[in-house]
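Source file coords-v2.txt; content: compact mmCIF, C-alpha atoms and all ligand atoms.
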# COMPACT_ATOMS: atom_id res chain seq x y z
CA MET J 157 61.07 210.41 0.06
CA ARG J 158 59.25 211.57 -3.04
CA GLN J 159 61.87 214.24 -3.36
CA ALA J 160 61.35 214.42 -7.08
CA GLY J 161 57.98 214.58 -8.67
CA ARG J 162 55.29 216.99 -9.37
CA TYR J 163 56.20 219.88 -7.07
CA LEU J 164 59.36 220.57 -9.13
CA PRO J 165 58.90 222.63 -12.32
CA GLU J 166 61.82 220.84 -14.03
CA TYR J 167 60.10 217.49 -13.36
CA ARG J 168 56.78 218.77 -14.74
CA LYS J 169 58.62 219.98 -17.83
CA LEU J 170 60.00 216.50 -18.54
CA ARG J 171 56.58 215.00 -17.85
CA GLU J 172 55.12 217.08 -20.68
CA LYS J 173 57.23 214.91 -23.01
CA TYR J 174 57.35 211.53 -21.26
CA SER J 175 55.02 209.37 -19.18
CA MET J 176 55.94 208.54 -15.59
CA LEU J 177 56.73 204.91 -16.50
CA GLY J 178 58.49 205.99 -19.70
CA MET J 179 60.91 208.01 -17.56
CA VAL J 180 61.37 205.25 -14.97
CA ARG J 181 62.21 202.68 -17.67
CA ASN J 182 64.78 204.96 -19.30
CA PRO J 183 67.94 204.92 -17.11
CA GLU J 184 69.24 208.29 -18.40
CA LEU J 185 65.94 210.02 -17.71
CA ALA J 186 65.49 208.26 -14.34
CA ALA J 187 69.00 209.35 -13.34
CA GLU J 188 68.24 212.92 -14.44
CA VAL J 189 65.02 213.06 -12.39
CA THR J 190 66.85 211.59 -9.38
CA MET J 191 69.44 214.36 -9.61
CA GLN J 192 66.96 217.24 -10.03
CA PRO J 193 66.26 217.86 -6.31
CA LEU J 194 69.98 217.48 -5.48
CA ARG J 195 70.83 220.34 -7.82
CA ARG J 196 68.38 222.66 -6.10
CA PHE J 197 68.71 221.70 -2.45
CA ASP J 198 71.52 220.83 -0.06
CA LEU J 199 70.12 217.35 0.61
CA ASP J 200 72.27 214.65 2.23
CA ALA J 201 70.88 211.86 0.09
CA ALA J 202 69.12 211.13 -3.18
CA ILE J 203 66.42 208.49 -3.66
CA ILE J 204 66.36 206.66 -6.97
CA PHE J 205 63.48 207.62 -9.26
CA ALA J 206 61.36 204.49 -9.49
CA ASP J 207 58.10 203.32 -7.91
CA ILE J 208 57.11 200.67 -5.40
CA LEU J 209 54.75 199.12 -7.96
CA LEU J 210 57.46 198.26 -10.54
CA PRO J 211 57.92 194.62 -9.40
CA LEU J 212 54.19 193.78 -9.80
CA PRO J 213 54.47 192.56 -13.42
CA LEU J 214 57.17 190.14 -12.23
CA ILE J 215 54.50 188.22 -10.34
CA GLY J 216 51.95 188.54 -13.15
CA VAL J 217 50.09 191.67 -12.00
CA ASP J 218 49.86 194.51 -14.54
CA PHE J 219 49.28 198.17 -13.78
CA SER J 220 49.45 201.66 -15.21
CA PHE J 221 49.38 205.19 -13.83
CA ILE J 222 46.22 207.04 -14.78
CA GLU J 223 46.75 210.78 -15.14
CA GLY J 224 45.26 212.62 -12.16
CA VAL J 225 44.08 209.39 -10.50
CA GLY J 226 47.13 207.31 -9.62
CA PRO J 227 47.96 203.64 -9.99
CA ARG J 228 45.40 201.25 -11.52
CA ILE J 229 45.91 197.48 -11.36
CA HIS J 230 44.48 195.86 -14.51
CA ASN J 231 43.98 192.40 -13.02
CA PRO J 232 43.45 192.78 -9.25
CA LEU J 233 43.72 189.56 -7.29
CA ARG J 234 40.24 188.82 -5.95
CA ASP J 235 39.77 185.14 -6.65
CA PRO J 236 41.87 183.24 -4.10
CA ARG J 237 42.69 180.60 -6.72
CA ASP J 238 44.64 183.24 -8.63
CA ALA J 239 47.24 183.25 -5.84
CA GLU J 240 48.35 179.80 -7.05
CA ARG J 241 48.98 181.11 -10.54
CA LEU J 242 51.39 183.92 -9.64
CA ARG J 243 54.68 183.83 -11.47
CA GLU J 244 58.10 184.79 -10.12
CA GLY J 245 60.12 186.84 -12.59
CA ASP J 246 63.77 187.73 -12.33
CA PRO J 247 64.44 191.37 -11.29
CA GLU J 248 67.93 191.21 -12.84
CA GLU J 249 66.22 190.76 -16.18
CA GLU J 250 62.90 192.54 -15.93
CA LEU J 251 63.97 195.48 -13.75
CA ARG J 252 67.50 195.85 -15.05
CA PHE J 253 66.73 199.49 -15.96
CA VAL J 254 66.55 200.32 -12.22
CA ALA J 255 70.05 198.90 -11.66
CA GLU J 256 71.33 200.85 -14.66
CA ALA J 257 69.79 204.09 -13.36
CA ILE J 258 71.38 203.51 -9.93
CA THR J 259 74.82 202.99 -11.46
CA LEU J 260 74.41 206.15 -13.57
CA VAL J 261 73.37 208.25 -10.56
CA ARG J 262 76.37 207.03 -8.58
CA GLU J 263 78.62 208.35 -11.35
CA LYS J 264 76.96 211.79 -11.23
CA LEU J 265 76.36 212.17 -7.52
CA ASP J 266 78.74 214.04 -5.26
CA PRO J 267 80.59 211.27 -3.31
CA ASP J 268 79.48 212.60 0.05
CA ARG J 269 75.79 212.31 -0.84
CA ALA J 270 74.23 208.87 -0.40
CA LEU J 271 71.97 207.17 -2.92
CA ILE J 272 68.95 205.36 -1.47
CA GLY J 273 67.37 202.41 -3.25
CA PHE J 274 63.89 201.21 -2.27
CA ALA J 275 61.01 198.78 -2.60
CA GLY J 276 57.50 198.43 -1.26
CA ALA J 277 56.92 196.09 1.69
CA PRO J 278 54.74 193.03 1.05
CA PHE J 279 51.64 194.28 2.92
CA THR J 280 51.53 197.59 1.05
CA LEU J 281 52.09 195.88 -2.31
CA ALA J 282 49.43 193.27 -1.52
CA SER J 283 46.96 196.06 -0.71
CA TYR J 284 47.39 197.54 -4.22
CA ILE J 285 47.22 194.09 -5.84
CA ILE J 286 43.97 193.14 -4.08
CA GLU J 287 42.23 196.55 -4.04
CA GLY J 288 43.25 197.43 -7.60
CA GLY J 289 44.56 200.85 -6.56
CA HIS J 290 44.66 203.12 -3.55
CA SER J 291 42.11 202.31 -0.87
CA ARG J 292 40.35 204.13 1.94
CA ASN J 293 39.56 201.25 4.29
CA TYR J 294 41.34 198.17 2.82
CA LEU J 295 38.09 196.22 2.83
CA GLU J 296 39.07 193.78 0.06
CA THR J 297 42.59 193.31 1.43
CA LYS J 298 41.42 192.48 4.93
CA ALA J 299 38.55 190.28 3.69
CA PHE J 300 41.08 188.30 1.61
CA MET J 301 43.64 188.12 4.42
CA TYR J 302 41.11 186.87 7.02
CA SER J 303 39.17 184.53 4.70
CA PHE J 304 42.01 182.87 2.77
CA PRO J 305 45.07 182.88 5.06
CA ASP J 306 46.94 180.24 3.03
CA ARG J 307 46.45 182.15 -0.24
CA TRP J 308 47.43 185.36 1.57
CA ASN J 309 50.64 183.63 2.62
CA MET J 310 51.27 182.50 -0.98
CA LEU J 311 50.92 186.07 -2.25
CA MET J 312 53.07 187.52 0.56
CA GLU J 313 55.65 184.77 0.04
CA VAL J 314 56.17 185.50 -3.66
CA LEU J 315 56.29 189.26 -2.98
CA THR J 316 58.90 188.66 -0.28
CA ARG J 317 61.13 186.57 -2.55
CA VAL J 318 60.96 188.99 -5.48
CA THR J 319 61.57 191.97 -3.18
CA ILE J 320 64.67 190.39 -1.65
CA ARG J 321 66.16 189.75 -5.10
CA TYR J 322 65.17 193.23 -6.30
CA LEU J 323 66.79 194.97 -3.32
CA LYS J 324 69.98 192.89 -3.53
CA MET J 325 70.22 193.90 -7.18
CA GLN J 326 69.93 197.58 -6.17
CA VAL J 327 72.71 197.28 -3.57
CA ASN J 328 74.94 195.49 -6.09
CA ALA J 329 74.28 198.29 -8.58
CA GLY J 330 75.43 200.93 -6.06
CA ALA J 331 72.58 201.82 -3.69
CA GLN J 332 74.17 202.86 -0.37
CA ALA J 333 71.04 202.53 1.77
CA ILE J 334 67.70 200.80 1.30
CA GLN J 335 64.27 202.06 2.29
CA LEU J 336 61.39 199.59 2.58
CA PHE J 337 58.08 201.43 2.19
CA ASP J 338 55.21 199.90 4.17
CA SER J 339 53.14 203.01 3.53
CA TRP J 340 49.68 201.60 4.33
CA VAL J 341 50.52 199.09 7.08
CA GLY J 342 49.02 201.47 9.68
CA ALA J 343 45.63 200.15 8.51
CA LEU J 344 46.33 197.00 10.55
CA SER J 345 45.81 196.41 14.25
CA PRO J 346 48.98 195.56 16.21
CA GLY J 347 47.90 191.91 16.45
CA ASP J 348 47.16 191.64 12.73
CA TYR J 349 50.45 193.36 11.92
CA LYS J 350 52.33 190.70 13.88
CA HIS J 351 50.40 187.86 12.31
CA TYR J 352 49.85 188.89 8.68
CA ALA J 353 52.65 191.31 7.80
CA ARG J 354 55.64 191.15 10.14
CA PRO J 355 56.92 187.65 9.28
CA PHE J 356 57.44 188.70 5.67
CA THR J 357 58.95 192.13 6.33
CA SER J 358 61.20 190.49 8.85
CA ARG J 359 62.50 188.00 6.24
CA ILE J 360 63.32 190.83 3.87
CA PHE J 361 65.37 192.66 6.51
CA SER J 362 67.18 189.56 7.70
CA SER J 363 68.05 188.58 4.12
CA LEU J 364 69.55 192.01 3.52
CA THR J 365 71.63 192.26 6.69
CA ALA J 366 74.59 190.70 4.89
CA CYS J 367 74.52 193.58 2.35
CA SER J 368 75.92 195.87 5.10
CA VAL J 369 73.97 198.98 4.10
CA PRO J 370 71.60 200.93 6.40
CA LEU J 371 68.03 199.63 6.11
CA ILE J 372 65.24 202.18 6.63
CA HIS J 373 61.89 200.75 7.71
CA PHE J 374 59.13 203.15 6.65
CA GLY J 375 55.49 203.17 7.68
CA THR J 376 52.71 205.66 8.40
CA GLY J 377 49.99 205.48 11.05
CA THR J 378 52.12 202.99 12.97
CA SER J 379 52.19 204.74 16.38
CA GLY J 380 50.30 201.79 17.93
CA PHE J 381 52.91 199.19 17.00
CA LEU J 382 56.31 200.85 16.73
CA GLY J 383 57.92 198.21 18.94
CA GLU J 384 56.59 195.43 16.71
CA MET J 385 57.88 197.27 13.65
CA ARG J 386 61.29 197.56 15.15
CA SER J 387 61.31 193.86 15.91
CA ALA J 388 60.68 193.19 12.20
CA GLY J 389 64.09 194.72 11.52
CA GLY J 390 65.78 197.69 9.92
CA THR J 391 68.59 199.93 11.13
CA VAL J 392 66.37 203.01 11.05
CA GLN J 393 62.68 203.22 11.93
CA SER J 394 60.72 205.94 10.12
CA VAL J 395 57.82 207.56 11.97
CA ASP J 396 55.11 209.98 10.92
CA TRP J 397 53.84 213.17 12.57
CA ARG J 398 51.02 211.52 14.51
CA ILE J 399 53.37 210.94 17.46
CA PRO J 400 56.05 213.25 18.94
CA LEU J 401 59.41 212.02 17.65
CA GLY J 402 60.89 211.75 21.16
CA LYS J 403 58.06 209.54 22.34
CA ALA J 404 58.36 207.33 19.26
CA TRP J 405 62.12 207.02 19.80
CA GLU J 406 61.59 205.99 23.41
CA ILE J 407 59.24 203.18 22.30
CA ILE J 408 61.53 202.06 19.48
CA GLY J 409 64.59 202.26 21.71
CA PHE J 410 67.39 204.82 21.70
CA ASP J 411 69.80 202.16 20.43
CA SER J 412 68.01 202.33 17.06
CA ALA J 413 68.22 205.19 14.56
CA ILE J 414 65.03 207.09 13.71
CA GLN J 415 63.74 209.04 10.69
CA GLY J 416 61.06 211.70 10.57
CA ASN J 417 58.71 213.22 11.24
CA MET J 418 57.43 216.53 9.92
CA ASP J 419 53.89 216.64 8.54
CA PRO J 420 54.18 217.08 4.73
CA LEU J 421 51.19 219.42 4.92
CA ALA J 422 53.21 221.72 7.21
CA MET J 423 55.32 222.41 4.10
CA MET J 424 52.43 224.67 2.98
CA ALA J 425 52.64 226.84 6.13
CA PRO J 426 54.01 230.40 6.28
CA VAL J 427 57.75 230.47 7.08
CA GLU J 428 57.32 231.40 10.78
CA VAL J 429 55.14 228.32 11.31
CA LEU J 430 57.44 226.20 9.16
CA LYS J 431 60.41 227.28 11.30
CA ARG J 432 58.58 226.32 14.48
CA LYS J 433 57.69 222.90 13.03
CA VAL J 434 61.32 222.17 12.13
CA GLU J 435 62.50 223.30 15.59
CA GLU J 436 59.91 221.07 17.25
CA VAL J 437 61.18 217.98 15.44
CA LEU J 438 64.82 218.80 16.21
CA GLU J 439 64.02 219.49 19.88
CA GLN J 440 62.31 216.12 20.10
CA ALA J 441 65.41 214.46 18.65
CA GLY J 442 67.60 216.24 21.20
CA THR J 443 71.34 215.93 20.90
CA ARG J 444 71.33 212.16 20.37
CA ASP J 445 73.02 210.62 17.36
CA GLY J 446 70.98 208.70 14.86
CA HIS J 447 68.21 211.05 13.74
CA ILE J 448 67.52 211.51 10.02
CA PHE J 449 65.41 214.63 9.53
CA ASN J 450 62.64 213.90 7.04
CA LEU J 451 58.97 214.36 6.39
CA GLY J 452 56.67 211.71 7.83
CA HIS J 453 55.38 210.98 4.29
CA GLY J 454 55.95 212.18 0.72
CA PHE J 455 55.78 215.70 -0.69
CA LEU J 456 52.50 216.87 -2.17
CA PRO J 457 52.54 218.35 -5.68
CA GLN J 458 51.36 221.71 -4.26
CA THR J 459 54.47 222.13 -2.05
CA PRO J 460 56.14 225.52 -2.66
CA VAL J 461 59.72 224.92 -3.84
CA GLU J 462 61.04 227.82 -1.74
CA ASN J 463 59.67 226.18 1.42
CA VAL J 464 61.67 223.03 0.67
CA GLU J 465 64.83 225.10 0.32
CA PHE J 466 64.03 226.95 3.55
CA VAL J 467 63.55 223.71 5.52
CA VAL J 468 66.66 221.96 4.16
CA ASP J 469 68.86 224.98 4.92
CA LEU J 470 67.33 225.52 8.35
CA VAL J 471 67.92 221.89 9.37
CA HIS J 472 71.58 222.20 8.37
CA GLU J 473 71.92 225.50 10.19
CA LEU J 474 70.34 224.22 13.40
CA THR J 475 72.26 220.95 13.48
CA SER J 476 75.71 221.98 12.26
CA GLY J 477 78.31 221.40 14.94
CA SER J 478 75.88 219.94 17.47
CA ARG J 479 75.55 216.58 15.73
O1 LIG Y 501 54.38 212.34 -12.60
C1 LIG Y 501 53.58 211.70 -11.90
O2 LIG Y 501 52.35 211.87 -11.94
C2 LIG Y 501 54.13 210.63 -11.05
C3 LIG Y 501 53.97 210.82 -9.59
C4 LIG Y 501 54.83 209.75 -8.97
C5 LIG Y 501 56.20 209.87 -8.67
C6 LIG Y 501 57.08 211.07 -8.82
C7 LIG Y 501 54.45 208.42 -8.70
C8 LIG Y 501 53.12 207.80 -8.94
N1 LIG Y 501 55.56 207.74 -8.23
C9 LIG Y 501 56.63 208.59 -8.17
C10 LIG Y 501 58.02 208.25 -7.80
C11 LIG Y 501 58.24 207.57 -6.51
N2 LIG Y 501 57.34 206.78 -5.86
C12 LIG Y 501 59.45 207.56 -5.80
C13 LIG Y 501 60.75 208.09 -6.34
C14 LIG Y 501 61.46 209.07 -5.55
C15 LIG Y 501 61.06 210.50 -5.76
O3 LIG Y 501 60.08 210.82 -6.39
O4 LIG Y 501 61.86 211.30 -5.26
C16 LIG Y 501 59.23 206.83 -4.62
C17 LIG Y 501 60.18 206.60 -3.48
C18 LIG Y 501 57.90 206.32 -4.69
C19 LIG Y 501 57.34 205.42 -3.71
C20 LIG Y 501 55.88 205.15 -3.73
N3 LIG Y 501 55.03 205.04 -4.79
C21 LIG Y 501 55.15 204.87 -2.57
C22 LIG Y 501 55.79 204.75 -1.20
C23 LIG Y 501 55.99 206.08 -0.59
C24 LIG Y 501 54.72 206.76 -0.16
O5 LIG Y 501 54.52 207.89 -0.57
O6 LIG Y 501 53.99 206.15 0.63
C25 LIG Y 501 53.82 204.64 -2.93
C26 LIG Y 501 52.65 204.32 -2.01
C27 LIG Y 501 53.75 204.75 -4.33
C28 LIG Y 501 52.54 204.54 -5.17
C29 LIG Y 501 52.29 205.71 -6.04
N4 LIG Y 501 53.02 206.01 -7.15
C30 LIG Y 501 52.55 207.16 -7.73
C31 LIG Y 501 51.44 207.61 -6.94
C32 LIG Y 501 50.59 208.82 -7.26
C33 LIG Y 501 51.34 206.73 -5.86
C34 LIG Y 501 50.42 206.84 -4.65
C35 LIG Y 501 49.03 206.55 -4.96
C36 LIG Y 501 48.25 206.24 -3.75
O7 LIG Y 501 47.89 207.19 -3.00
O8 LIG Y 501 48.01 205.06 -3.53
Represent the structure from my file as structure tokens, please.
Ligand code: 1CP
Amino acid sequence: MRQAGRYLPEYRKLREKYSMLGMVRNPELAAEVTMQPLRRFDLDAAIIFADILLPLPLIGVDFSFIEGVGPRIHNPLRDPRDAERLREGDPEEELRFVAEAITLVREKLDPDRALIGFAGAPFTLASYIIEGGHSRNYLETKAFMYSFPDRWNMLMEVLTRVTIRYLKMQVNAGAQAIQLFDSWVGALSPGDYKHYARPFTSRIFSSLTACSVPLIHFGTGTSGFLGEMRSAGGTVQSVDWRIPLGKAWEIIGFDSAIQGNMDPLAMMAPVEVLKRKVEEVLEQAGTRDGHIFNLGHGFLPQTPVENVEFVVDLVHELTSGSR
């Protein structure tokens, strides 16, 4: 996740010429950025260069990326009456550039590397839409959710429908696995997760089952409700570093695949520490099938490129033959 981006000098070079959204909306450039990390590192999969916020304009919510700040929603949804006025655009039309980029990457990518498509899960998208950007405590989101449950359902409903269509489009264009990012869902209590978020995530996964591609269910801070997350669906559950991977796997069930869970900040550590961190994750996974080695969240821009190469090669070295 976030393989590309600001820690790679070749990405920063392109960004001197183009904006983030300018690159995403240009299929050739998006395909190029997707391929950049694959040229440097022996990664097993590529993730399409896009962003979870791209579908927001389809429901009538506009945003931009502010340099050095992050996403800004121009018209955050605060008045519950606005939930009735949301539109439902067609991803095949308005996000066609993502499908085109996916098809282009599939032509360039080595056939034994998989291409992952993705979208944001409804709770995480709703948090941006209501807060207007990134949030520390999700005050506005929770106030809205608790005070106006029917309008919350309307918002989540339209996000769910658009996301299903968007992800089906990505599979049809050539995505070989799908990752659903519920990055901020760990802000919820287990009970609130079940009530306010799970029904919608669950519909997305069940609607995609017929696509026959692996479905990766991503969250952070979810150690308190891993079982509930699994019950929402997905072939693979992604866990962060706040819980030992083996313990998380036991809760999720060894009949499910798991992804994770190195701390992205550990990528800054000296190589001896880095090596120990990688070994810890692999020891936790044991010799079972069904572990995807990954970070528990995205790369930070400050990540040293040579540390990424070291980790990718070490994981291959330590797992070759055994799994
Ligand atoms: O050049 C730049 O400044 C852009 C930085 C950047 C990049 C490279 C953003 C802005 N988005 C992306 C691409 C991106 N985003 C990918 C493509 C794959 C890749 O880079 O290899 C993916 C999978 C995402 C997903 C994404 N965007 C998530 C879910 C994953 C996660 O990290 O939790 C989230 C929450 C976003 C929102 C977003 N987009 C960009 C920023 C800086 C943020 C986070 C802001 C925040 O903290 O709320």
_Residue among J:Asp338, J:Glu240, J:Asp218, J:Glu263 lying closest to ligand LIG 501 (chain Y), counting only C-alpha atoms and all ligand atoms_ =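 Closest residue, counting only C-alpha atoms and all ligand atoms: J:Asp338.
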Could you list, with a cut-off of 7 Å and counting only C-alpha atoms and all ligand atoms, the residues of chain J near ligand LIG 501 (chain Y), each shown with its nearest atom pair and the distance in Å rounded to one decimal, rows sorted by chain and ascending number, as a Markdown table?
| residue | atom | partner | partner_atom | distance |
| --- | --- | --- | --- | --- |
| J:Met157 | CA | Y:LIG501 | C17 | 5.3 |
| J:Arg158 | CA | Y:LIG501 | O4 | 3.4 |
| J:Gln159 | CA | Y:LIG501 | O4 | 3.5 |
| J:Ala160 | CA | Y:LIG501 | O4 | 3.6 |
| J:Gly161 | CA | Y:LIG501 | C6 | 3.6 |
| J:Arg162 | CA | Y:LIG501 | O1 | 5.7 |
| J:Arg171 | CA | Y:LIG501 | O1 | 6.3 |
| J:Met176 | CA | Y:LIG501 | O1 | 5.1 |
| J:Thr190 | CA | Y:LIG501 | O4 | 6.5 |
| J:Ile203 | CA | Y:LIG501 | C14 | 5.3 |
| J:Ile204 | CA | Y:LIG501 | C14 | 5.6 |
| J:Phe205 | CA | Y:LIG501 | C13 | 4.0 |
| J:Ala206 | CA | Y:LIG501 | C13 | 4.8 |
| J:Asp207 | CA | Y:LIG501 | N2 | 4.1 |
| J:Ile208 | CA | Y:LIG501 | N3 | 4.9 |
| J:Leu209 | CA | Y:LIG501 | C28 | 6.5 |
| J:Phe221 | CA | Y:LIG501 | C8 | 6.7 |
| J:Glu223 | CA | Y:LIG501 | O2 | 6.5 |
| J:Gly226 | CA | Y:LIG501 | C32 | 4.5 |
| J:Pro227 | CA | Y:LIG501 | C35 | 5.9 |
| J:Phe274 | CA | Y:LIG501 | C17 | 6.7 |
| J:Gly276 | CA | Y:LIG501 | C22 | 6.5 |
| J:Gly289 | CA | Y:LIG501 | O8 | 6.2 |
| J:His290 | CA | Y:LIG501 | O8 | 3.9 |
| J:Phe337 | CA | Y:LIG501 | C22 | 5.3 |
| J:Ser339 | CA | Y:LIG501 | O6 | 4.4 |
| J:His453 | CA | Y:LIG501 | O5 | 5.8 |
| J:Gly454 | CA | Y:LIG501 | O5 | 4.7 |
Keeping C-alpha atoms for every residue in the selection just given, could you write it to a file as a PDB file, keeping the file's coordinate frame?
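File again-v3.pdb, as written:
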ATOM      1  CA  MET J 157      61.070 210.410   0.060  1.00  0.00           C
ATOM      2  CA  ARG J 158      59.250 211.570  -3.040  1.00  0.00           C
ATOM      3  CA  GLN J 159      61.870 214.240  -3.360  1.00  0.00           C
ATOM      4  CA  ALA J 160      61.350 214.420  -7.080  1.00  0.00           C
ATOM      5  CA  GLY J 161      57.980 214.580  -8.670  1.00  0.00           C
ATOM      6  CA  ARG J 162      55.290 216.990  -9.370  1.00  0.00           C
ATOM      7  CA  ARG J 171      56.580 215.000 -17.850  1.00  0.00           C
ATOM      8  CA  MET J 176      55.940 208.540 -15.590  1.00  0.00           C
ATOM      9  CA  THR J 190      66.850 211.590  -9.380  1.00  0.00           C
ATOM     10  CA  ILE J 203      66.420 208.490  -3.660  1.00  0.00           C
ATOM     11  CA  ILE J 204      66.360 206.660  -6.970  1.00  0.00           C
ATOM     12  CA  PHE J 205      63.480 207.620  -9.260  1.00  0.00           C
ATOM     13  CA  ALA J 206      61.360 204.490  -9.490  1.00  0.00           C
ATOM     14  CA  ASP J 207      58.100 203.320  -7.910  1.00  0.00           C
ATOM     15  CA  ILE J 208      57.110 200.670  -5.400  1.00  0.00           C
ATOM     16  CA  LEU J 209      54.750 199.120  -7.960  1.00  0.00           C
ATOM     17  CA  PHE J 221      49.380 205.190 -13.830  1.00  0.00           C
ATOM     18  CA  GLU J 223      46.750 210.780 -15.140  1.00  0.00           C
ATOM     19  CA  GLY J 226      47.130 207.310  -9.620  1.00  0.00           C
ATOM     20  CA  PRO J 227      47.960 203.640  -9.990  1.00  0.00           C
ATOM     21  CA  PHE J 274      63.890 201.210  -2.270  1.00  0.00           C
ATOM     22  CA  GLY J 276      57.500 198.430  -1.260  1.00  0.00           C
ATOM     23  CA  GLY J 289      44.560 200.850  -6.560  1.00  0.00           C
ATOM     24  CA  HIS J 290      44.660 203.120  -3.550  1.00  0.00           C
ATOM     25  CA  PHE J 337      58.080 201.430   2.190  1.00  0.00           C
ATOM     26  CA  SER J 339      53.140 203.010   3.530  1.00  0.00           C
ATOM     27  CA  HIS J 453      55.380 210.980   4.290  1.00  0.00           C
ATOM     28  CA  GLY J 454      55.950 212.180   0.720  1.00  0.00           C
TER      29      GLY J 454
END
*asked:* Env of range 310-325 of chain J: 9 Å cut, atoms = only C-alpha atoms, seq-sep filter 6 positions within chain, self excluded. Answer as a ChimeraX atom specification.
replied: /J:211-212,214-215,239-240,242-248,251-252,254-255,273-279,281-282,331,334,352-353,356-357,359-361,363-364,367
*Rank nothing, just name the residue among J:Lys173, J:His447, J:Arg269, J:Arg241 nearest to Arg195 in chain J, using all atoms listed in the file.*
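Residue with the minimum atom-to-atom distance to Arg195 in chain J: J:Arg269.
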*Nearest to Phe410 in chain J among J:Glu188, J:Glu166, J:Asp306, J:Asp445, with distances taken over all atoms listed in the file: which residue is it?*
J:Asp445
Axis-aligned box for range 401-411 of chain J, 4 Å per side, centre and edges in Å as JSON:
{"center_x": 63.9, "center_y": 207.0, "center_z": 20.5, "size_x": 19.7, "size_y": 18.0, "size_z": 13.8}
*Nearest to Gly416 in chain J: which of J:Gly452, J:Glu439, J:Gly390, J:Asp238 is it, counting all atoms listed in the file?*
J:Gly452
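Picture a line from CA of His373 in chain J to CA of Leu199 in chain J; it runs 19.8 Å.
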*Name the closest residue to Pro420 in chain J among the candidates J:Glu406, J:Asp235, J:Asp268, J:Asp396; distances are taken between atoms, counting only C-alpha atoms.*
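Closest residue, counting only C-alpha atoms: J:Asp396.
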_Please compute the CA of Gly383 in chain J-CA of Gly442 in chain J distance, one decimal, in Å._
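Between CA of Gly383 in chain J and CA of Gly442 in chain J the gap is 20.6 Å.
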*Work out how far CA of Val225 in chain J is from CA of Pro165 in chain J, in Å to one decimal.*
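Answer for the CA of Pro165 in chain J to CA of Val225 in chain J separation: 20.0 Å.
You can rank J:Leu371, J:Glu249, J:Arg307, J:Leu271 by their closest distance to Leu194 in chain J using only C-alpha atoms, and at the top of that list sits J:Leu271.
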*Gly402 in chain J environment, 12 Å, only C-alpha atoms, sequence neighbours closer than 6 positions dropped, as number ranges by chain*: J: 395-396, 408-410, 413-417, 436-444, 447
Just save range 329-342 of chain J with N, CA and C atoms, as an mmCIF file, in the first residue's frame.
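In the end it all went to part.cif:
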data_model
loop_
_atom_site.group_PDB
_atom_site.id
_atom_site.type_symbol
_atom_site.label_atom_id
_atom_site.label_comp_id
_atom_site.auth_asym_id
_atom_site.auth_seq_id
_atom_site.Cartn_x
_atom_site.Cartn_y
_atom_site.Cartn_z
ATOM 1 N N ALA J 329 -11.595 -4.147 -15.801
ATOM 2 C CA ALA J 329 -10.485 -3.532 -16.538
ATOM 3 C C ALA J 329 -9.188 -4.331 -16.385
ATOM 4 N N GLY J 330 -9.141 -5.266 -15.402
ATOM 5 C CA GLY J 330 -7.937 -6.099 -15.270
ATOM 6 C C GLY J 330 -7.341 -6.198 -13.875
ATOM 7 N N ALA J 331 -7.963 -5.569 -12.883
ATOM 8 C CA ALA J 331 -7.423 -5.698 -11.515
ATOM 9 C C ALA J 331 -7.575 -7.151 -11.063
ATOM 10 N N GLN J 332 -6.489 -7.720 -10.500
ATOM 11 C CA GLN J 332 -6.496 -9.146 -10.139
ATOM 12 C C GLN J 332 -6.742 -9.394 -8.659
ATOM 13 N N ALA J 333 -6.820 -8.321 -7.894
ATOM 14 C CA ALA J 333 -7.203 -8.398 -6.478
ATOM 15 C C ALA J 333 -7.747 -7.020 -6.134
ATOM 16 N N ILE J 334 -8.562 -6.966 -5.091
ATOM 17 C CA ILE J 334 -9.146 -5.690 -4.673
ATOM 18 C C ILE J 334 -8.830 -5.473 -3.202
ATOM 19 N N GLN J 335 -8.428 -4.253 -2.876
ATOM 20 C CA GLN J 335 -8.215 -3.909 -1.467
ATOM 21 C C GLN J 335 -9.216 -2.813 -1.082
ATOM 22 N N LEU J 336 -9.949 -3.054 -0.012
ATOM 23 C CA LEU J 336 -10.908 -2.062 0.486
ATOM 24 C C LEU J 336 -10.293 -1.417 1.730
ATOM 25 N N PHE J 337 -9.999 -0.104 1.616
ATOM 26 C CA PHE J 337 -9.299 0.597 2.697
ATOM 27 C C PHE J 337 -10.284 1.211 3.682
ATOM 28 N N ASP J 338 -10.396 0.612 4.875
ATOM 29 C CA ASP J 338 -11.167 1.270 5.941
ATOM 30 C C ASP J 338 -10.163 1.818 6.955
ATOM 31 N N SER J 339 -9.367 2.763 6.486
ATOM 32 C CA SER J 339 -8.189 3.224 7.231
ATOM 33 C C SER J 339 -8.498 3.770 8.616
ATOM 34 N N TRP J 340 -9.641 4.446 8.779
ATOM 35 C CA TRP J 340 -9.907 5.131 10.055
ATOM 36 C C TRP J 340 -11.004 4.462 10.869
ATOM 37 N N VAL J 341 -11.406 3.256 10.502
ATOM 38 C CA VAL J 341 -12.529 2.591 11.182
ATOM 39 C C VAL J 341 -12.195 2.227 12.633
ATOM 40 N N GLY J 342 -10.884 2.167 12.948
ATOM 41 C CA GLY J 342 -10.446 1.879 14.316
ATOM 42 C C GLY J 342 -10.869 2.956 15.304
#
